[in-house]
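**Q** Before I ask anything, here is the structure I am working with.
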Amino acid sequence: MQNGLCALLISDLNYLDGAPAALSSEEEDEEDDDESEEASDEDDDSGAEIEDGREGFDDEDCDEGDEGEDNDGDNEDFNDPDDSELEELAEKEETRKRGCTEKQSAAALCVAVGSFSDPEDLPGLAHFLEHMVFMGSLKYPDENGFDAFLKKHGGSDNASTDCERTVFQFDVQRKYFKEALDRWAQFFIHPLMIRDAIDREVEAVDSEYQLARPSDANRKEMLFGSLARPGHPMKKFFWGNADTLKHEPKMNNIDTYTRLRDFWQRHYSAHYMTLVVQSKETLDTLEKWVTEIFSEIPNNGLPKPSFGHLTQPFDTPEFHKLYRVVPIRKVHSLSITWALPPQEQYYRVKPLHYISWLVGHEGKGSVLSFLRKKFWALALYGGNGETGFEQNSTYSIFSISVTLTDEGYKHFYEVAHVVFQYVKMLQKRGPDKRIWEEIQKIEANEFHYQEQTDPVDYVESLCENMQLFQKEDFLTGDQLLFEYKPEIIADALNQLSPQRANLVLLSAANEGQCHLKERWFGTQYSVEDIDKYWSDLWASDFELNQDLHLPEENKYIATDFALKVADCPETEYPAKTLSTQQGCLWYRKDDKFKIPKGYVRFHLISPLIQQSAENIVLFDTFVNILSHNLGEPAYEADVAQLEYKLVAGEHGLVIRVKGFNHKLPLLFQLIIDYLSDFSFTPAVFEMITEQLKKTYFNILIKPETLAKDVRLLILEHSRWSMIDKYQTLMNGLSIESLSSFVKAFKSQLFVEGLVQGNFTSRVSTDFLNYVVQKLQFAPLAHPCPVQFRVVDLPNTHLLCKVKTLNKGDANSEVTVYYQVTALIKLKECEDSHLGEEVDRNWNEVVTQQYLFDRLAREIEALKSVTKSDLVTWFQAHRSNKKKVLSVHVVGYGKHEGDSEVTAVAEVQNSSSGEIPHLIFLPPSSLMTNVTSIKDIKAYTSTLNVLPYHKILK
């Protein structure tokens, strides 16, 4: 555009028949024919998951978020939805459905400025500005008008501040897209940023900071940044809080408002901006809208902020140290980190991606395989997170994080040595073209056959790509490997020497040894020289480890992408193709998305699981040992884009696999083989149970998961609480009890499966037949319910108020639950990819309701609801007969009468080895008309239990 803004326009007219047409404003006559939708996965990784969505022993350090980002929760969990199987599926459905009959229209804008540009005397100003620009505009002065407009028309918006970029995005129903674009663009044309709104938004920024403080990933990142040399922007406090943006400026006579406007005028210039819009309009129409609306964004003509001239952020002698850090969660973790010259310019080669692929490999010859055999490690993640903190114009971070066992913590230097031995082997061998081409092939397959993604996520990704890549690579630069240049890979590899590495050891066992404190997050840490024996060894030409070698060729890479010919009449919904006393199978061949992929899900139902808290813990242990056993043999399938997940559900084992259908049966059979031949050693049993204690503990210390546990303990009859499970595990399990449980579990089951995608009916039945033949189980004597019965709440407002179990957490959580059989939600929206349809169908199978046309029925019911019906319903459930349950988890802080909050996770009674217990609090003086629950089991024992609830028609 004339003002320097670069726009990419995506016409989504024919998105189901092929790629949307895309047009850059700088190439008005060219259309880009590349595939333009990224993969959209509801599960990003493979492994085990236990009830409440707890990933099987994942490392908290592997998925760090952007600085100052508006995250809804901790970003230290690799994939931690904190939900059971059913709630996970239901929440995905509800967050996607927004009451529209077609895919949303979306737009995203990236400004090439971020927290690196914060002035030294106003830390967090870039993040604060991201908030303030949305507080009304000259044309639309209502402070919350844009949010209200989006909510009214089924849309949403968000923004995030990174080190060198700030991104804004929104989506909305198509017919309101042009008006939404105009309203949104005004924030970049003439935002009001009224002075009166400053204090309110400072509180919002401070709230984000408080939510971020209990995250180990954020804490480690801030500590890492504090180690940078003076004057380097990595050292800055990106989040901002009430002190840096309000109290300290007042003390120092700094006018935050004036500085905020100056910052906006300097940095929010059109030529710093990249814009992506996607909608079901013609390219001509989109071009006309964008030109009309966004040409008013001013261009100040100043050069973009640049930090590429800065030197390496660390003084190597100071950087090459051992840092011990006290974490919030119970975890042992070793992170080995290098700061490399910036690697963004090599995106067509992706050297760090190649290295991380090998370092993070879990198959034979890998670091993790060796460490698991030693019982020193549970998980390993290597690579660059591609956040602004880890990759920018001044440096690129390469980290290897190892989740250690208790024994591994004692041998952390040996663990580091194994890592260095593997890296040295890679350096001596040099880049391997076969490996690089294998990675290239896998990534290309996934890109070529990827499914639709949510438009708002897609445009957000693209507008950042436009800041990073050449024009021809906007759509592909972040996903594909283009050029094999061994010299670039070798250069990156050769910089990963032990002498340039920083070691960070996280463990609660460090408490008492850490006398330093990071300024902003209060992280306790210590610094010491690397042990002389190891430092001398790593400086020498140390021997290689003969057990470490490159992976062999991957047999799971798909080569057959043909679409199967139907061998039975096609149906709109899944049909039962096999039914016996031992189980049944539901099947539907994909006839809409037409991709060579499949989804296979099985539920192995057993009445044993809910018979006692001990059985639940034994089941969790069993599933996590099974996942551990599969780690090495199934890893090649995982890297070949065949994903699996084992879920320790409330009533059975859920097995979920998905990916290219060609080799998917091999992965499924591998899982069933390991289930059939399940075995474990005492050492594995001890390692897994010790880690499970940490997992349960880490759930209990989060206010949001504690609130959920308390709520369900009140509502669901015969439910076992997380404290019950933690206490059972702390009291000890025997190897014999696990062996007996697994034998009993496998002896009697009912198995339900769903096969959907590019499979024939005949092949689909092979999955169930394989389970039955391999496991040789007897049918259940009686049907096993797959739901909990719910208590009938009295017609009053109940309150259960408890203190958080983490004395170091100032955050509180409030949940209000209204008991009503079901409110019809807005459901009418097209599936954007096959996984969404599968989720909906699987929800019917796993709840044994089988109403596969439920969505169509709900839409019809919704159309019949009148305004008066809704008002009547609302008044009935807000009247004196309402059934309301409020759960409050109260954080620690001065306002609650507590002493100063410490940053460390100081959990009640944990230091003495006792089990944490709930401390019930009285209602506040503002809640006089409530019934307070002080003993959950005693109270719920007086209530009636409702029958099992299913909507079958």
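Ligands are numbered from 1 in the order shown, residues from 1 within each chain, and chains are lettered A, B, ... in the order they appear in the structure tokens.
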If we count only C-alpha atoms, what is near Tyr422 (chain A) at a cut-off of 9 Å, once residues fewer than 5 positions away on the same chain are taken out, given as a PyMOL selection string?

**A** chain A and resi 359+366-367+417+427+544-545+548-549

**Q** Let's have the selection written as a JSON list (two decimals), in the first residue's frame, with N, CA and C atoms.

**A**
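Just written: result.json:
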```
[["chain", "number", "residue", "atom", "x", "y", "z"],
["A", 359, "VAL", "N", 18.70, -34.65, 18.48],
["A", 359, "VAL", "CA", 18.90, -34.61, 19.92],
["A", 359, "VAL", "C", 17.64, -35.07, 20.66],
["A", 366, "SER", "N", 19.45, -43.12, 20.84],
["A", 366, "SER", "CA", 19.23, -41.73, 21.24],
["A", 366, "SER", "C", 19.68, -41.48, 22.68],
["A", 367, "VAL", "N", 19.82, -40.19, 23.00],
["A", 367, "VAL", "CA", 20.17, -39.80, 24.37],
["A", 367, "VAL", "C", 19.12, -40.30, 25.35],
["A", 417, "HIS", "N", 26.87, -35.18, 30.66],
["A", 417, "HIS", "CA", 27.97, -35.76, 29.89],
["A", 417, "HIS", "C", 27.45, -36.60, 28.72],
["A", 427, "GLN", "N", 28.86, -33.82, 15.80],
["A", 427, "GLN", "CA", 29.87, -32.92, 15.24],
["A", 427, "GLN", "C", 30.90, -33.70, 14.43],
["A", 544, "LEU", "N", 33.77, -40.92, 22.95],
["A", 544, "LEU", "CA", 32.37, -41.02, 22.55],
["A", 544, "LEU", "C", 31.73, -42.22, 23.22],
["A", 545, "ASN", "N", 30.42, -42.22, 23.27],
["A", 545, "ASN", "CA", 29.64, -43.32, 23.84],
["A", 545, "ASN", "C", 29.15, -44.19, 22.69],
["A", 548, "LEU", "N", 25.44, -44.52, 21.57],
["A", 548, "LEU", "CA", 24.75, -43.39, 20.96],
["A", 548, "LEU", "C", 25.05, -43.35, 19.47],
["A", 549, "HIS", "N", 24.02, -43.32, 18.66],
["A", 549, "HIS", "CA", 24.22, -43.31, 17.21],
["A", 549, "HIS", "C", 23.00, -42.71, 16.53]]
```

**Q** Ranking A:Val838, A:Ile10, A:Val816, A:Ala185 by minimum distance to Val884 (chain A) and counting only C-alpha atoms, which one comes first?

**A**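 Distance minimum relative to Val884 (chain A) lands on A:Val816.
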
**Q** Record the distance separating CA of Thr453 (chain A) and CA of Asp162 (chain A), expressed in Å with one decimal.

**A**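 Straight-line distance from CA of Thr453 (chain A) to CA of Asp162 (chain A) works out to 22.9 Å.
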
**Q** Applying 8 Å and only C-alpha atoms, which residues near region 580-586 of chain A remain after dropping the ones on its own chain fewer than 6 positions away? List them as number ranges by chain.

**A** A: 574, 749-755, 765, 768, 772, 777-780

**Q** Using only C-alpha atoms for the distances, tell me which of A:Phe224, A:Trp842, A:Phe619, A:Phe745 is nearest to Ser606 (chain A).

**A**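 Looking only at the distances to Ser606 (chain A), the closest residue turns out to be A:Phe745.
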
**Q** When DSSP is applied to the backbone of this structure, which of region 827-881 of chain A are assigned helix (DSSP H, G or I)? Write them out as a VMD selection string.

**A** chain A and resid 834 to 846 854 to 864 867 to 876

**Q** Region 685-755 of chain A near region 209-212 of chain A within 12 Å: what's each residue's closest atom pair and its distance in Å to one decimal, counting only C-alpha atoms, ordered by chain then ascending residue number, as JSON lines?

**A**
```
{"residue": "A:Lys702", "atom": "CA", "partner": "A:Leu211", "partner_atom": "CA", "distance": 10.9}
{"residue": "A:Pro703", "atom": "CA", "partner": "A:Leu211", "partner_atom": "CA", "distance": 10.7}
{"residue": "A:Glu704", "atom": "CA", "partner": "A:Leu211", "partner_atom": "CA", "distance": 11.3}
```

**Q** Pull all heavy atoms from the residues just selected and write them as a PDB file, in the first residue's frame.

**A**
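Produced file part.pdb, reproduced below:
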```pdb
ATOM      1  N   LYS A 702      -2.199 -25.932  41.892  1.00  0.00           N
ATOM      2  CA  LYS A 702      -2.777 -24.945  40.978  1.00  0.00           C
ATOM      3  C   LYS A 702      -4.188 -24.586  41.439  1.00  0.00           C
ATOM      4  O   LYS A 702      -5.036 -25.463  41.583  1.00  0.00           O
ATOM      5  CB  LYS A 702      -2.837 -25.487  39.556  1.00  0.00           C
ATOM      6  CG  LYS A 702      -1.503 -25.586  38.858  1.00  0.00           C
ATOM      7  CD  LYS A 702      -1.703 -26.008  37.409  1.00  0.00           C
ATOM      8  CE  LYS A 702      -0.403 -26.046  36.650  1.00  0.00           C
ATOM      9  NZ  LYS A 702      -0.597 -26.417  35.236  1.00  0.00           N
ATOM     10  N   PRO A 703      -4.491 -23.320  41.640  1.00  0.00           N
ATOM     11  CA  PRO A 703      -5.832 -22.933  42.106  1.00  0.00           C
ATOM     12  C   PRO A 703      -6.948 -23.414  41.179  1.00  0.00           C
ATOM     13  O   PRO A 703      -7.996 -23.854  41.642  1.00  0.00           O
ATOM     14  CB  PRO A 703      -5.780 -21.407  42.151  1.00  0.00           C
ATOM     15  CG  PRO A 703      -4.339 -21.081  42.273  1.00  0.00           C
ATOM     16  CD  PRO A 703      -3.599 -22.150  41.539  1.00  0.00           C
ATOM     17  N   GLU A 704      -6.723 -23.343  39.842  1.00  0.00           N
ATOM     18  CA  GLU A 704      -7.790 -23.703  38.924  1.00  0.00           C
ATOM     19  C   GLU A 704      -8.098 -25.195  38.950  1.00  0.00           C
ATOM     20  O   GLU A 704      -9.257 -25.608  38.852  1.00  0.00           O
ATOM     21  CB  GLU A 704      -7.456 -23.250  37.495  1.00  0.00           C
ATOM     22  CG  GLU A 704      -6.214 -23.867  36.885  1.00  0.00           C
ATOM     23  CD  GLU A 704      -4.950 -23.085  37.144  1.00  0.00           C
ATOM     24  OE1 GLU A 704      -4.886 -22.360  38.166  1.00  0.00           O
ATOM     25  OE2 GLU A 704      -4.026 -23.189  36.321  1.00  0.00           O
TER      26      GLU A 704
END
```

**Q** Near region 334-344 of chain A, counting only C-alpha atoms, which residues have an atom at most 8 Å away, once you skip same-chain residues fewer than 6 positions from it, shown as a PyMOL selection string?

**A** chain A and resi 312-314+351-352+391-404+412+416+468+492+495-496+500-506

**Q** Could you write out that same residue set with N, CA, C and O atoms as a CSV table (one decimal), in the first residue's frame?

**A**
```csv
chain,number,residue,atom,x,y,z
A,312,GLN,N,27.0,-10.8,21.2
A,312,GLN,CA,26.5,-11.9,21.9
A,312,GLN,C,26.0,-11.5,23.4
A,312,GLN,O,26.7,-10.7,24.0
A,313,PRO,N,24.9,-12.0,23.8
A,313,PRO,CA,24.3,-11.5,25.1
A,313,PRO,C,25.0,-11.9,26.3
A,313,PRO,O,24.8,-11.3,27.4
A,314,PHE,N,25.9,-12.9,26.2
A,314,PHE,CA,26.5,-13.4,27.4
A,314,PHE,C,28.1,-13.3,27.3
A,314,PHE,O,28.7,-13.6,26.3
A,351,PRO,N,18.7,-25.2,10.4
A,351,PRO,CA,19.8,-26.0,11.1
A,351,PRO,C,19.4,-26.5,12.5
A,351,PRO,O,19.7,-27.6,12.9
A,352,LEU,N,18.7,-25.6,13.2
A,352,LEU,CA,18.3,-26.0,14.6
A,352,LEU,C,17.2,-27.0,14.6
A,352,LEU,O,17.2,-27.8,15.5
A,391,GLN,N,14.5,-16.8,19.8
A,391,GLN,CA,15.0,-16.5,18.4
A,391,GLN,C,14.6,-15.1,18.0
A,391,GLN,O,13.5,-14.8,17.8
A,392,ASN,N,15.7,-14.3,17.8
A,392,ASN,CA,15.4,-12.9,17.4
A,392,ASN,C,16.6,-12.4,16.6
A,392,ASN,O,17.5,-13.2,16.2
A,393,SER,N,16.7,-11.1,16.4
A,393,SER,CA,17.8,-10.6,15.5
A,393,SER,C,19.1,-10.5,16.2
A,393,SER,O,20.1,-10.2,15.5
A,394,THR,N,19.2,-10.8,17.5
A,394,THR,CA,20.5,-10.7,18.2
A,394,THR,C,21.1,-12.1,18.6
A,394,THR,O,22.3,-12.2,18.7
A,395,TYR,N,20.3,-13.1,18.7
A,395,TYR,CA,20.8,-14.4,19.1
A,395,TYR,C,19.7,-15.4,18.9
A,395,TYR,O,18.5,-15.1,18.7
A,396,SER,N,20.1,-16.7,18.9
A,396,SER,CA,19.1,-17.8,18.9
A,396,SER,C,19.5,-18.7,20.1
A,396,SER,O,20.7,-19.0,20.3
A,397,ILE,N,18.6,-19.2,20.8
A,397,ILE,CA,18.8,-20.1,21.9
A,397,ILE,C,18.6,-21.6,21.4
A,397,ILE,O,17.7,-21.9,20.6
A,398,PHE,N,19.5,-22.4,21.9
A,398,PHE,CA,19.3,-23.9,21.7
A,398,PHE,C,19.4,-24.5,23.0
A,398,PHE,O,20.4,-24.4,23.8
A,399,SER,N,18.3,-25.2,23.4
A,399,SER,CA,18.2,-25.8,24.8
A,399,SER,C,17.9,-27.3,24.7
A,399,SER,O,17.2,-27.7,23.8
A,400,ILE,N,18.5,-28.0,25.6
A,400,ILE,CA,18.1,-29.4,25.8
A,400,ILE,C,17.7,-29.6,27.2
A,400,ILE,O,18.5,-29.3,28.2
A,401,SER,N,16.4,-29.9,27.5
A,401,SER,CA,15.9,-30.0,28.8
A,401,SER,C,15.5,-31.5,29.1
A,401,SER,O,14.8,-32.1,28.3
A,402,VAL,N,16.0,-32.0,30.2
A,402,VAL,CA,15.8,-33.4,30.6
A,402,VAL,C,15.0,-33.4,31.9
A,402,VAL,O,15.4,-32.8,32.9
A,403,THR,N,13.9,-34.1,31.8
A,403,THR,CA,13.1,-34.4,33.1
A,403,THR,C,13.8,-35.6,33.8
A,403,THR,O,13.8,-36.7,33.2
A,404,LEU,N,14.3,-35.3,35.0
A,404,LEU,CA,15.1,-36.3,35.7
A,404,LEU,C,14.3,-37.1,36.7
A,404,LEU,O,13.3,-36.6,37.2
A,412,PHE,N,23.2,-35.8,37.8
A,412,PHE,CA,22.9,-34.8,36.7
A,412,PHE,C,24.2,-34.5,35.9
A,412,PHE,O,24.0,-34.2,34.7
A,416,ALA,N,24.4,-34.8,31.8
A,416,ALA,CA,24.9,-33.7,31.0
A,416,ALA,C,26.1,-34.3,30.1
A,416,ALA,O,26.2,-34.0,28.9
A,468,LEU,N,9.3,-12.1,8.6
A,468,LEU,CA,10.5,-13.0,8.7
A,468,LEU,C,11.0,-13.5,7.4
A,468,LEU,O,12.2,-13.7,7.3
A,492,ALA,N,26.4,-24.4,13.0
A,492,ALA,CA,25.5,-24.4,14.3
A,492,ALA,C,25.9,-25.5,15.2
A,492,ALA,O,26.1,-25.3,16.4
A,495,GLN,N,29.1,-25.0,17.4
A,495,GLN,CA,29.0,-24.0,18.5
A,495,GLN,C,28.5,-24.6,19.7
A,495,GLN,O,28.5,-24.0,20.8
A,496,LEU,N,28.0,-25.8,19.7
A,496,LEU,CA,27.4,-26.5,20.8
A,496,LEU,C,28.4,-27.2,21.6
A,496,LEU,O,28.4,-28.4,21.9
A,500,ARG,N,30.7,-23.6,26.1
A,500,ARG,CA,29.7,-22.5,25.8
A,500,ARG,C,28.4,-22.7,26.5
A,500,ARG,O,27.5,-21.9,26.2
A,501,ALA,N,28.2,-23.8,27.2
A,501,ALA,CA,26.9,-24.2,27.7
A,501,ALA,C,26.6,-23.7,29.1
A,501,ALA,O,27.5,-23.6,29.9
A,502,ASN,N,25.4,-23.4,29.3
A,502,ASN,CA,24.9,-23.0,30.7
A,502,ASN,C,24.0,-24.2,31.2
A,502,ASN,O,23.2,-24.7,30.5
A,503,LEU,N,24.3,-24.5,32.5
A,503,LEU,CA,23.5,-25.6,33.1
A,503,LEU,C,22.6,-25.1,34.1
A,503,LEU,O,23.0,-24.3,35.0
A,504,VAL,N,21.3,-25.4,34.1
A,504,VAL,CA,20.3,-25.0,35.1
A,504,VAL,C,19.6,-26.2,35.6
A,504,VAL,O,19.1,-27.1,34.9
A,505,LEU,N,19.8,-26.4,36.9
A,505,LEU,CA,19.2,-27.6,37.6
A,505,LEU,C,18.0,-27.2,38.5
A,505,LEU,O,18.2,-26.4,39.5
A,506,LEU,N,16.9,-27.6,38.1
A,506,LEU,CA,15.7,-27.3,38.9
A,506,LEU,C,15.3,-28.5,39.8
A,506,LEU,O,15.3,-29.6,39.4
```

**Q** Just how far from CA of Lys725 (chain A) is CA of Ser740 (chain A), in Å to one decimal?

**A**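 Computing the Euclidean distance for CA of Ser740 (chain A) and CA of Lys725 (chain A) yields 18.7 Å.
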
**Q** Pick out the closest residue to Ile625 (chain A) from this set: A:Leu793, A:Met234, A:Leu692, A:Ile198. Count only C-alpha atoms.

**A**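 Among the listed residues, the smallest separation from Ile625 (chain A) belongs to A:Leu692.
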
**Q** Using only C-alpha atoms, which residue out of A:Leu799, A:Val930, A:Ile293, A:Leu516 lies closest to His888 (chain A)?

**A**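 When distances to His888 (chain A) are compared using only C-alpha atoms, the smallest one comes from A:Leu799.
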
**Q** Taking a cut-off of 6 Å and counting only C-alpha atoms, can you build a table that, for each residue of region 429-548 of chain A near region 102-121 of chain A, reports the nearest atom pair and how far apart they are in Å (one decimal), sorted by chain then residue number, as CSV?

**A**
```
residue,atom,partner,partner_atom,distance
A:Pro455,CA,A:Ala106,CA,5.8
A:Val456,CA,A:Ala106,CA,5.1
A:Val459,CA,A:Ala108,CA,5.5
A:Glu460,CA,A:Ala108,CA,5.2
A:Cys463,CA,A:Cys110,CA,5.7
```

**Q** Take the residues from that selection and write them out as a compact mmCIF listing (two decimals), in the first residue's frame, keeping N, CA, C and O atoms.

**A**
```txt
# COMPACT_ATOMS: atom_id res chain seq x y z
N PRO A 455 -9.27 -19.98 11.00
CA PRO A 455 -8.75 -18.82 10.28
C PRO A 455 -7.99 -17.83 11.14
O PRO A 455 -6.98 -17.27 10.71
N VAL A 456 -8.43 -17.61 12.37
CA VAL A 456 -7.76 -16.60 13.20
C VAL A 456 -6.36 -17.06 13.57
O VAL A 456 -5.42 -16.24 13.64
N VAL A 459 -4.19 -16.61 10.15
CA VAL A 459 -3.77 -15.24 9.80
C VAL A 459 -2.76 -14.71 10.81
O VAL A 459 -1.84 -13.95 10.44
N GLU A 460 -2.89 -15.11 12.06
CA GLU A 460 -1.91 -14.69 13.07
C GLU A 460 -0.52 -15.20 12.70
O GLU A 460 0.48 -14.47 12.77
N CYS A 463 0.90 -13.31 9.42
CA CYS A 463 1.35 -11.92 9.53
C CYS A 463 2.73 -11.85 10.17
O CYS A 463 3.52 -10.94 9.88
```

**Q** Tell me, as an MDAnalysis selection string, which residues lie within 10 Å of His332 (chain A), counting only C-alpha atoms; anything in the same chain fewer than 4 positions away does not count.

**A** chainID A and resid 59 326:327 377 402:410 412 505:510 691 694

**Q** What parts of region 378-420 of chain A does DSSP call strand (DSSP E)? I'd like the answer as a list in words.

**A** Leu378, Ala379, Leu380, Tyr381, Gly382, Gly383, Ser396, Ile397, Phe398, Ser399, Ile400, Ser401, Val402, Thr403 and Leu404 of chain A

**Q** Quick one: residues within 10 Å of Lys175 (chain A), only C-alpha atoms, excluding same-chain residues fewer than 4 positions away - as a list in words?

**A** Gln104, Ser105, His153, Glu179, Ala180, Ser279 and Lys280 of chain A

**Q** With C-alpha atoms retained, could you export that selection as a tab-separated table (two decimals), in the first residue's frame?

**A**
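So the final result, stored in selection.tsv, reads:
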```tsv
chain	number	residue	atom	x	y	z
A	104	GLN	CA	-15.30	-17.17	10.43
A	105	SER	CA	-13.61	-14.28	8.69
A	153	HIS	CA	-21.50	-11.26	16.28
A	179	GLU	CA	-17.44	-3.23	9.82
A	180	ALA	CA	-15.21	-5.13	12.23
A	279	SER	CA	-12.74	-14.17	4.25
A	280	LYS	CA	-15.22	-15.62	1.76
```

**Q** Using only C-alpha atoms, which residue out of A:Gln450, A:Thr815, A:Ser886, A:Gln513 lies closest to Ser526 (chain A)?

**A**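 Answer, going by the shortest atom-to-atom distance: A:Gln513.
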
**Q** Quick one: of A:Arg259, A:Arg434, A:Lys883, A:Arg762, who's nearest to Tyr587 (chain A), counting only C-alpha atoms?

**A**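 Selected residue with least distance to Tyr587 (chain A): A:Arg762.
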
**Q** Any idea what's packed within 8 Å of region 590-598 of chain A, counting only C-alpha atoms, ignoring anything in its chain fewer than 3 positions away? Could you give it as a PyMOL selection string?

**A** chain A and resi 16+449+451+561-563+658-662+664+755-759+833-834

**Q** Output N, CA, C and O atoms of each residue in that selection to a file, as a CSV table (one decimal), in the first residue's frame.

**A**
```
chain,number,residue,atom,x,y,z
A,16,LEU,N,-12.8,-25.7,0.7
A,16,LEU,CA,-12.9,-27.1,0.8
A,16,LEU,C,-12.4,-27.9,-0.4
A,16,LEU,O,-12.1,-29.0,-0.4
A,449,TYR,N,-0.7,-32.5,2.9
A,449,TYR,CA,-2.0,-33.1,3.2
A,449,TYR,C,-2.6,-32.6,4.6
A,449,TYR,O,-3.4,-33.2,5.2
A,451,GLU,N,-4.8,-30.5,7.3
A,451,GLU,CA,-6.2,-30.2,7.3
A,451,GLU,C,-6.4,-28.7,7.6
A,451,GLU,O,-5.5,-27.9,7.8
A,561,PHE,N,-0.8,-42.4,-0.7
A,561,PHE,CA,-1.7,-41.4,-0.3
A,561,PHE,C,-3.0,-41.5,-1.1
A,561,PHE,O,-3.8,-40.5,-1.2
A,562,ALA,N,-3.3,-42.6,-1.7
A,562,ALA,CA,-4.5,-42.8,-2.5
A,562,ALA,C,-5.7,-42.8,-1.6
A,562,ALA,O,-5.7,-43.3,-0.4
A,563,LEU,N,-6.8,-42.2,-2.1
A,563,LEU,CA,-8.1,-42.2,-1.4
A,563,LEU,C,-8.8,-43.5,-1.6
A,563,LEU,O,-8.9,-44.0,-2.8
A,658,LYS,N,-3.9,-41.2,15.3
A,658,LYS,CA,-4.3,-40.5,14.1
A,658,LYS,C,-3.1,-40.2,13.2
A,658,LYS,O,-2.0,-40.3,13.6
A,659,GLY,N,-3.4,-39.9,11.9
A,659,GLY,CA,-2.3,-39.6,11.0
A,659,GLY,C,-2.6,-40.2,9.6
A,659,GLY,O,-3.7,-40.6,9.3
A,660,PHE,N,-1.6,-40.3,8.8
A,660,PHE,CA,-1.7,-40.9,7.5
A,660,PHE,C,-2.2,-42.4,7.6
A,660,PHE,O,-1.6,-43.1,8.4
A,661,ASN,N,-3.2,-42.7,6.9
A,661,ASN,CA,-3.8,-44.0,7.1
A,661,ASN,C,-2.9,-45.2,6.7
A,661,ASN,O,-3.1,-46.3,7.1
A,662,HIS,N,-2.0,-44.9,5.8
A,662,HIS,CA,-1.2,-46.0,5.2
A,662,HIS,C,-0.5,-46.8,6.3
A,662,HIS,O,-0.6,-48.0,6.2
A,664,LEU,N,-0.9,-46.2,9.7
A,664,LEU,CA,-1.6,-46.1,11.0
A,664,LEU,C,-1.9,-47.5,11.7
A,664,LEU,O,-1.7,-47.6,12.9
A,755,VAL,N,-13.8,-45.7,14.1
A,755,VAL,CA,-12.8,-45.6,13.0
A,755,VAL,C,-13.4,-44.6,11.9
A,755,VAL,O,-14.5,-44.9,11.4
A,756,GLN,N,-12.6,-43.6,11.6
A,756,GLN,CA,-13.2,-42.6,10.7
A,756,GLN,C,-12.0,-42.0,9.8
A,756,GLN,O,-10.9,-41.9,10.3
A,757,GLY,N,-12.3,-41.7,8.6
A,757,GLY,CA,-11.3,-41.2,7.7
A,757,GLY,C,-11.2,-42.0,6.4
A,757,GLY,O,-12.1,-42.6,5.9
A,758,ASN,N,-9.9,-42.1,6.0
A,758,ASN,CA,-9.7,-42.8,4.7
A,758,ASN,C,-9.4,-44.3,4.9
A,758,ASN,O,-8.4,-44.9,4.6
A,759,PHE,N,-10.4,-45.0,5.5
A,759,PHE,CA,-10.4,-46.4,5.7
A,759,PHE,C,-11.7,-47.0,5.0
A,759,PHE,O,-12.7,-46.4,5.0
A,833,HIS,N,-12.1,-29.1,9.9
A,833,HIS,CA,-11.2,-30.2,9.6
A,833,HIS,C,-11.8,-31.5,10.1
A,833,HIS,O,-12.7,-31.5,11.0
A,834,LEU,N,-11.3,-32.6,9.7
A,834,LEU,CA,-11.9,-33.9,10.0
A,834,LEU,C,-11.9,-34.2,11.5
A,834,LEU,O,-12.8,-34.8,12.0
```

**Q** Between CA of Met251 (chain A) and CA of Glu518 (chain A), what is the distance, to one decimal in Å?

**A**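 Pair CA of Met251 (chain A) / CA of Glu518 (chain A) returns 22.9 Å.
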